[in-house]
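Asker: Below is structure12.cif; it holds mmCIF, C-alpha atoms.
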```cif
data_input
loop_
_atom_site.group_PDB
_atom_site.id
_atom_site.type_symbol
_atom_site.label_atom_id
_atom_site.label_comp_id
_atom_site.auth_asym_id
_atom_site.auth_seq_id
_atom_site.Cartn_x
_atom_site.Cartn_y
_atom_site.Cartn_z
ATOM 1 C CA MET A 1 -139.549 -53.365 -34.433
ATOM 2 C CA LEU A 2 -139.153 -50.399 -32.088
ATOM 3 C CA PHE A 3 -142.000 -47.950 -31.489
ATOM 4 C CA VAL A 4 -140.987 -44.824 -29.552
ATOM 5 C CA LEU A 5 -143.355 -42.450 -27.759
ATOM 6 C CA THR A 6 -141.240 -39.398 -27.028
ATOM 7 C CA GLY A 7 -141.722 -35.874 -25.728
ATOM 8 C CA SER A 8 -141.310 -33.627 -22.719
ATOM 9 C CA SER A 9 -142.865 -34.326 -19.325
ATOM 10 C CA GLY A 10 -146.572 -33.752 -18.862
ATOM 11 C CA ALA A 11 -147.721 -34.751 -22.352
ATOM 12 C CA GLY A 12 -149.149 -38.102 -21.255
ATOM 13 C CA LYS A 13 -146.592 -40.592 -22.617
ATOM 14 C CA THR A 14 -146.620 -42.954 -19.651
ATOM 15 C CA THR A 15 -150.413 -42.851 -19.368
ATOM 16 C CA LEU A 16 -150.837 -43.632 -23.051
ATOM 17 C CA ALA A 17 -148.356 -46.490 -22.942
ATOM 18 C CA SER A 18 -150.212 -48.047 -20.012
ATOM 19 C CA LEU A 19 -153.529 -47.737 -21.865
ATOM 20 C CA VAL A 20 -152.079 -49.330 -24.990
ATOM 21 C CA ALA A 21 -150.564 -52.274 -23.103
ATOM 22 C CA GLY A 22 -152.498 -55.449 -23.850
ATOM 23 C CA ARG A 23 -154.401 -53.943 -26.789
ATOM 24 C CA VAL A 24 -151.873 -54.734 -29.518
ATOM 25 C CA GLY A 25 -150.780 -58.274 -30.200
ATOM 26 C CA GLY A 26 -147.088 -59.147 -30.156
ATOM 27 C CA LEU A 27 -146.093 -55.884 -28.513
ATOM 28 C CA SER A 28 -144.192 -55.373 -25.262
ATOM 29 C CA VAL A 29 -144.832 -52.013 -23.593
ATOM 30 C CA HIS A 30 -142.358 -50.364 -21.227
ATOM 31 C CA ASP A 31 -141.524 -46.992 -19.725
ATOM 32 C CA PHE A 32 -137.920 -45.798 -19.937
ATOM 33 C CA ASP A 33 -137.798 -44.962 -16.231
ATOM 34 C CA GLU A 34 -138.602 -48.527 -15.151
ATOM 35 C CA VAL A 35 -134.879 -49.094 -14.789
ATOM 36 C CA GLY A 36 -134.725 -46.392 -12.111
ATOM 37 C CA VAL A 37 -133.486 -42.820 -12.442
ATOM 38 C CA PRO A 38 -130.390 -41.824 -10.447
ATOM 39 C CA ALA A 39 -130.446 -38.591 -8.488
ATOM 40 C CA HIS A 40 -128.026 -36.889 -10.840
ATOM 41 C CA ALA A 41 -129.067 -38.419 -14.145
ATOM 42 C CA ASP A 42 -127.516 -36.516 -17.050
ATOM 43 C CA LEU A 43 -127.590 -36.603 -20.835
ATOM 44 C CA ALA A 44 -124.933 -39.310 -21.094
ATOM 45 C CA TRP A 45 -126.951 -41.471 -18.670
ATOM 46 C CA ARG A 46 -130.039 -41.100 -20.868
ATOM 47 C CA HIS A 47 -128.051 -42.108 -23.935
ATOM 48 C CA ARG A 48 -126.538 -45.170 -22.233
ATOM 49 C CA THR A 49 -129.877 -46.211 -20.797
ATOM 50 C CA PHE A 50 -131.697 -45.909 -24.113
ATOM 51 C CA GLU A 51 -129.058 -48.144 -25.686
ATOM 52 C CA SER A 52 -129.688 -50.733 -22.965
ATOM 53 C CA TRP A 53 -133.342 -50.938 -24.033
ATOM 54 C CA LEU A 54 -132.379 -51.978 -27.568
ATOM 55 C CA SER A 55 -131.618 -55.594 -26.671
ATOM 56 C CA PHE A 56 -135.331 -56.492 -26.776
ATOM 57 C CA ASP A 57 -136.950 -59.365 -28.680
ATOM 58 C CA GLY A 58 -140.062 -58.923 -30.833
ATOM 59 C CA ASP A 59 -141.800 -55.531 -30.983
ATOM 60 C CA LEU A 60 -141.324 -52.932 -28.256
ATOM 61 C CA LEU A 61 -143.270 -49.749 -27.458
ATOM 62 C CA LEU A 62 -141.064 -47.531 -25.290
ATOM 63 C CA SER A 63 -142.230 -44.276 -23.696
ATOM 64 C CA CYS A 64 -139.298 -41.952 -23.078
ATOM 65 C CA GLN A 65 -137.878 -38.476 -23.652
ATOM 66 C CA SER A 66 -135.329 -39.523 -26.281
ATOM 67 C CA PRO A 67 -135.913 -37.609 -29.549
ATOM 68 C CA ILE A 68 -135.351 -39.026 -33.023
ATOM 69 C CA GLY A 69 -131.766 -37.761 -33.183
ATOM 70 C CA GLU A 70 -130.797 -39.717 -30.074
ATOM 71 C CA VAL A 71 -132.689 -42.805 -31.207
ATOM 72 C CA LEU A 72 -130.862 -42.934 -34.539
ATOM 73 C CA ALA A 73 -127.467 -42.207 -32.965
ATOM 74 C CA SER A 74 -127.766 -45.055 -30.455
ATOM 75 C CA PRO A 75 -125.104 -47.633 -31.361
ATOM 76 C CA SER A 76 -127.517 -50.548 -31.768
ATOM 77 C CA ALA A 77 -130.210 -48.639 -33.690
ATOM 78 C CA VAL A 78 -128.886 -49.856 -37.040
ATOM 79 C CA ARG A 79 -129.429 -53.469 -35.967
ATOM 80 C CA LEU A 80 -133.196 -53.035 -35.599
ATOM 81 C CA ASP A 81 -135.472 -54.197 -38.404
ATOM 82 C CA GLY A 82 -137.663 -51.100 -38.096
ATOM 83 C CA ILE A 83 -138.088 -47.902 -36.066
ATOM 84 C CA ALA A 84 -141.153 -45.656 -35.750
ATOM 85 C CA ILE A 85 -141.251 -42.515 -33.615
ATOM 86 C CA CYS A 86 -144.230 -40.520 -32.369
ATOM 87 C CA LEU A 87 -143.985 -37.211 -30.522
ATOM 88 C CA ILE A 88 -146.608 -36.972 -27.774
ATOM 89 C CA ASP A 89 -147.379 -33.287 -27.355
ATOM 90 C CA VAL A 90 -149.768 -31.031 -25.434
ATOM 91 C CA ALA A 91 -150.482 -27.317 -25.190
ATOM 92 C CA ASP A 92 -148.026 -25.539 -22.901
ATOM 93 C CA ASP A 93 -150.641 -24.298 -20.424
ATOM 94 C CA LEU A 94 -152.088 -27.781 -20.022
ATOM 95 C CA ARG A 95 -148.607 -29.216 -19.607
ATOM 96 C CA ARG A 96 -147.928 -26.748 -16.803
ATOM 97 C CA SER A 97 -151.187 -27.610 -15.034
ATOM 98 C CA ARG A 98 -150.518 -31.342 -15.301
ATOM 99 C CA LEU A 99 -147.034 -30.919 -13.894
ATOM 100 C CA ALA A 100 -148.293 -28.704 -11.063
ATOM 101 C CA ALA A 101 -150.800 -31.395 -10.111
ATOM 102 C CA ARG A 102 -148.023 -33.970 -10.053
ATOM 103 C CA PHE A 103 -145.475 -32.080 -7.968
ATOM 104 C CA ALA A 104 -144.792 -28.582 -6.628
ATOM 105 C CA TYR A 105 -142.188 -27.714 -9.248
ATOM 106 C CA PRO A 106 -140.564 -24.258 -8.991
ATOM 107 C CA PRO A 107 -141.496 -21.917 -11.877
ATOM 108 C CA GLU A 108 -138.104 -22.276 -13.537
ATOM 109 C CA GLN A 109 -138.528 -26.054 -13.685
ATOM 110 C CA GLY A 110 -141.879 -25.648 -15.395
ATOM 111 C CA ASP A 111 -140.238 -23.278 -17.861
ATOM 112 C CA ALA A 112 -137.572 -25.902 -18.539
ATOM 113 C CA PHE A 113 -140.182 -28.572 -19.330
ATOM 114 C CA VAL A 114 -141.975 -26.202 -21.701
ATOM 115 C CA GLY A 115 -138.699 -25.224 -23.360
ATOM 116 C CA TRP A 116 -137.782 -28.889 -23.804
ATOM 117 C CA ALA A 117 -141.188 -29.467 -25.395
ATOM 118 C CA GLN A 118 -140.606 -26.646 -27.882
ATOM 119 C CA TRP A 119 -137.198 -28.054 -28.757
ATOM 120 C CA HIS A 120 -138.805 -31.475 -29.351
ATOM 121 C CA ARG A 121 -141.266 -29.910 -31.819
ATOM 122 C CA GLU A 122 -138.545 -28.156 -33.784
ATOM 123 C CA HIS A 123 -136.190 -31.149 -33.756
ATOM 124 C CA ALA A 124 -138.965 -33.448 -34.967
ATOM 125 C CA ALA A 125 -139.345 -31.224 -38.040
ATOM 126 C CA ASP A 126 -135.709 -30.455 -38.799
ATOM 127 C CA PRO A 127 -132.497 -32.324 -37.887
ATOM 128 C CA CYS A 128 -130.565 -29.061 -38.239
ATOM 129 C CA TYR A 129 -132.404 -27.395 -35.365
ATOM 130 C CA ARG A 130 -129.977 -26.893 -32.443
ATOM 131 C CA PRO A 131 -128.446 -30.396 -32.423
ATOM 132 C CA GLU A 132 -126.028 -29.276 -29.716
ATOM 133 C CA VAL A 133 -128.859 -29.676 -27.197
ATOM 134 C CA ILE A 134 -128.488 -33.456 -27.367
ATOM 135 C CA ARG A 135 -124.840 -33.652 -28.421
ATOM 136 C CA GLU A 136 -122.948 -31.540 -25.889
ATOM 137 C CA GLY A 137 -122.068 -33.708 -22.899
ATOM 138 C CA CYS A 138 -123.245 -36.830 -24.691
ATOM 139 C CA TRP A 139 -122.246 -40.463 -24.244
ATOM 140 C CA PRO A 140 -119.104 -40.881 -26.410
ATOM 141 C CA GLN A 141 -120.501 -44.001 -28.110
ATOM 142 C CA MET A 142 -123.288 -42.069 -29.841
ATOM 143 C CA ARG A 143 -123.150 -42.101 -33.671
ATOM 144 C CA TRP A 144 -124.261 -38.606 -34.664
ATOM 145 C CA ASP A 145 -122.546 -39.015 -38.026
ATOM 146 C CA ARG A 146 -125.413 -41.241 -39.177
ATOM 147 C CA TRP A 147 -127.688 -38.240 -39.685
ATOM 148 C CA ALA A 148 -125.384 -35.217 -39.386
ATOM 149 C CA ASP A 149 -125.801 -34.355 -43.068
ATOM 150 C CA TRP A 150 -129.555 -34.958 -43.287
ATOM 151 C CA THR A 151 -132.023 -32.164 -43.953
ATOM 152 C CA ALA A 152 -135.692 -31.784 -43.144
ATOM 153 C CA ALA A 153 -136.460 -33.039 -46.655
ATOM 154 C CA ASP A 154 -134.937 -36.456 -45.986
ATOM 155 C CA PRO A 155 -137.840 -38.962 -45.801
ATOM 156 C CA ARG A 156 -136.048 -40.898 -43.073
ATOM 157 C CA TRP A 157 -136.387 -37.950 -40.679
ATOM 158 C CA HIS A 158 -139.968 -38.900 -39.909
ATOM 159 C CA VAL A 159 -141.753 -38.196 -36.643
ATOM 160 C CA ASP A 160 -145.513 -38.552 -36.292
ATOM 161 C CA ILE A 161 -147.343 -36.406 -33.757
ATOM 162 C CA VAL A 162 -150.213 -36.990 -31.356
ATOM 163 C CA ASP A 163 -151.439 -33.812 -29.664
ATOM 164 C CA THR A 164 -153.280 -34.890 -26.532
ATOM 165 C CA THR A 165 -154.658 -31.402 -25.797
ATOM 166 C CA PRO A 166 -158.232 -31.867 -27.114
ATOM 167 C CA HIS A 167 -158.518 -35.584 -26.382
ATOM 168 C CA THR A 168 -159.246 -37.845 -23.442
ATOM 169 C CA PRO A 169 -156.541 -40.362 -22.516
ATOM 170 C CA VAL A 170 -158.633 -43.151 -24.052
ATOM 171 C CA GLU A 171 -159.052 -41.232 -27.311
ATOM 172 C CA SER A 172 -155.326 -40.543 -27.469
ATOM 173 C CA ALA A 173 -154.575 -44.204 -26.751
ATOM 174 C CA ASP A 174 -156.834 -45.166 -29.657
ATOM 175 C CA MET A 175 -154.693 -42.930 -31.895
ATOM 176 C CA ILE A 176 -151.556 -44.708 -30.727
ATOM 177 C CA VAL A 177 -153.075 -48.114 -31.456
ATOM 178 C CA HIS A 178 -153.971 -46.886 -34.960
ATOM 179 C CA TRP A 179 -150.478 -45.448 -35.391
ATOM 180 C CA ILE A 180 -148.826 -48.744 -34.457
ATOM 181 C CA SER A 181 -151.037 -50.589 -36.928
ATOM 182 C CA ALA A 182 -150.173 -48.100 -39.689
ATOM 183 C CA GLN A 183 -146.437 -48.385 -39.035
ATOM 184 C CA ARG A 184 -146.595 -52.168 -39.078
ATOM 185 C CA GLU A 185 -148.457 -52.042 -42.385
ATOM 186 C CA ALA A 186 -145.890 -49.625 -43.819
ATOM 187 C CA HIS A 187 -143.138 -51.961 -42.656
ATOM 188 C CA ALA A 188 -144.812 -54.917 -44.358
ATOM 189 C CA GLN A 189 -145.201 -52.914 -47.583
ATOM 190 C CA GLY A 190 -141.613 -51.711 -47.576
ATOM 191 C CA THR A 191 -142.495 -48.026 -47.109
ATOM 192 C CA LEU A 192 -141.442 -47.508 -43.492
ATOM 193 C CA PRO A 193 -138.969 -44.563 -43.512
ATOM 194 C CA LEU A 194 -136.762 -46.198 -40.865
ATOM 195 C CA ALA A 195 -136.831 -49.806 -42.026
ATOM 196 C CA ALA A 196 -133.746 -52.030 -41.882
ATOM 197 C CA GLY A 197 -130.938 -50.399 -43.825
ATOM 198 C CA TRP A 198 -132.089 -46.843 -43.072
ATOM 199 C CA SER A 199 -128.518 -45.694 -42.391
ATOM 200 C CA THR A 200 -127.527 -46.577 -45.976
ATOM 201 C CA PRO A 201 -129.013 -43.932 -48.334
ATOM 202 C CA ALA A 202 -129.316 -46.336 -51.265
ATOM 203 C CA LEU A 203 -131.497 -48.628 -49.174
ATOM 204 C CA ALA A 204 -133.676 -45.958 -47.542
ATOM 205 C CA PRO A 205 -137.414 -46.096 -48.433
ATOM 206 C CA ARG A 206 -138.583 -43.369 -50.802
ATOM 207 C CA SER A 207 -142.252 -43.154 -49.842
ATOM 208 C CA GLU A 208 -144.184 -42.288 -46.697
ATOM 209 C CA PRO A 209 -146.267 -44.690 -44.580
ATOM 210 C CA ALA A 210 -149.889 -45.070 -45.578
ATOM 211 C CA LEU A 211 -151.160 -42.342 -43.274
ATOM 212 C CA ALA A 212 -153.478 -39.600 -44.453
ATOM 213 C CA ASP A 213 -151.820 -37.117 -42.125
ATOM 214 C CA ARG A 214 -148.536 -37.352 -40.256
ATOM 215 C CA ARG A 215 -150.163 -35.652 -37.272
ATOM 216 C CA CYS A 216 -152.180 -38.617 -35.996
ATOM 217 C CA GLY A 217 -154.918 -36.453 -34.539
ATOM 218 C CA GLY A 218 -155.415 -34.702 -37.883
ATOM 219 C CA GLY A 219 -154.569 -31.289 -39.273
ATOM 220 C CA GLY A 220 -150.877 -30.905 -38.660
ATOM 221 C CA ARG A 221 -147.404 -30.794 -40.067
ATOM 222 C CA GLY A 222 -146.840 -33.072 -43.040
#
```
Can you dump the structure from the file as structure tokens?

Answerer:
Amino acid sequence: MLFVLTGSSGAGKTTLASLVAGRVGGLSVHDFDEVGVPAHADLAWRHRTFESWLSFDGDLLLSCQSPIGEVLASPSAVRLDGIAICLIDVADDLRRSRLAARFAYPPEQGDAFVGWAQWHREHAADPCYRPEVIREGCWPQMRWDRWADWTAADPRWHVDIVDTTPHTPVESADMIVHWISAQREAHAQGTLPLAAGWSTPALAPRSEPALADRRCGGGGRG
């Protein structure tokens, strides 16, 4: 099963993945950028590289910037026995301060990270929101047709959210551990939205995972 921690830079994805490593049995934890990022990495490179991660064995937790639309369009995504996606988010001002502490980014770069974060939020809620952002200049092997006719009401378009703004890294990591457990339980019960067969409407699950709130930290979008 594939567990994806996605989102824009500065939300804490890599930190959370490192804190989760070793805490969940039968789970490999990796960061997308472990393979190395070329100087002129583009959208097609991200698509190709994400596909290369899908040859894993067992369960994988991958921290990356690939949103649900890219995950589902990856050629090998339909071969997985389950997919769960969590958007790691943070307030824009805190994101900017984290990025400034990491590197002296020019203001326009900070604006780009914040804009990418806003797009992630909208895309996580609605597949119809500006899909051209991830489709124009894409890797030709991507299968956008798998979800091109989906709407926000489709239960398969399911992204959980962890907002790290009010939490310590350890608290946020605890939420991720709980999220993984909940997704595994949903998978076992046959209620995981992106279980095997998700690309075939007749086989898609009709109920949500056993989570009280789809925003893992509580009080968010359902």

Asker: Compare A:Pro193, A:Gly115, A:Gly10, A:Gly58 by their minimum atom-to-atom distance to Ser97 in chain A, counting all atoms listed in the file, and give me the closest one.

Answerer: A:Gly10

Asker: Using only C-alpha atoms, which residue out of A:Asp149, A:Asp89, A:Asp42, A:Asp57 lies closest to Gly26 in chain A?

Answerer: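 Ranking A:Asp149, A:Asp89, A:Asp42, A:Asp57 by distance to Gly26 in chain A, first place goes to A:Asp57.
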
Asker: Quick one: of A:Glu108, A:Ser63, A:Leu80, A:Met1, who's nearest to Ala21 in chain A, counting all atoms listed in the file?

Answerer: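 For Ala21 in chain A, the nearest of the given residues is A:Ser63.
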
Asker: Separation of CA of Ala148 in chain A and CA of Pro127 in chain A, in Å?

Answerer: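 So the two atoms, CA of Ala148 in chain A and CA of Pro127 in chain A, lie 7.8 Å apart.
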
Asker: Using all atoms listed in the file, pick whichever of A:Pro67, A:Pro75, A:Gly25, A:Pro106 has the shortest atom-to-atom distance to Asp126 in chain A.

Answerer: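 Looking only at the distances to Asp126 in chain A, the closest residue turns out to be A:Pro67.
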
Asker: Run the PyMOL selection byres ((chain A and resi 130) around 12) on the file and write out the hits as a PyMOL selection string.

Answerer: chain A and resi 69+116+118-129+131-136+148

Asker: I'd like to see the residues matched by the PyMOL selection byres ((chain A and resi 196) around 12) on this file, and ideally I'd get them as a list in words.

Answerer: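 What the PyMOL selection byres ((chain A and resi 196) around 12) grabs from the file is Met1, Leu2, Ser76, Ala77, Val78, Arg79, Leu80, Asp81, Gly82, Ile83, Ala84, Arg156, His187, Ala188, Gly190, Thr191, Leu192, Pro193, Leu194, Ala195, Gly197, Trp198, Ser199, Thr200, Pro201, Ala202, Leu203, Ala204 and Pro205 of chain A.
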
Asker: Go ahead and compute the interatomic distance for CA of Ala173 in chain A and CA of Leu19 in chain A, in Å to one decimal.

Answerer: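 Distance between the two atoms: 6.1 Å.
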
Asker: Mind giving me the straight-line distance from CA of Phe50 in chain A to CA of His30 in chain A in Å, one decimal?

Answerer: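 Going from CA of Phe50 in chain A over to CA of His30 in chain A covers 11.9 Å.
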
Asker: Name the closest residue to Arg48 in chain A among the candidates A:Ala17, A:Ile68, A:Ser9, A:Pro140; distances are taken between atoms, counting only C-alpha atoms.

Answerer: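 Looking at the shortest contact to Arg48 in chain A, the residue is A:Pro140.
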
Asker: Report as a list in words all protein, DNA and RNA residues lying within 6 Å of Leu60 in chain A, evaluated on all atoms listed in the file, omitting residues in the same chain fewer than 3 positions from it.

Answerer: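 Everything that qualifies: Leu2, Phe3, Leu27, Ser28 and Val29 of chain A.
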
Asker: Could you check the closest approach to Val71 in chain A for each of A:Asp111, A:Asp92, A:Trp157, A:Arg98 and tell me which residue wins, using all atoms listed in the file?

Answerer: A:Trp157

Asker: Applied to this file, what does the PyMOL selection byres ((chain A and resi 179) around 10) return in terms of residues, put as a ChimeraX atom specification?

Answerer: /A:3,84-86,160-162,173-178,180-185,211,214-216

Asker: Within 7 Å of Met142 in chain A, counting only C-alpha atoms, which residues qualify if same-chain residues fewer than 3 places away don't, as a list in words?

Answerer: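 Using only C-alpha atoms, the neighbours found are Ala73, Ser74, Pro75 and Trp139 of chain A.
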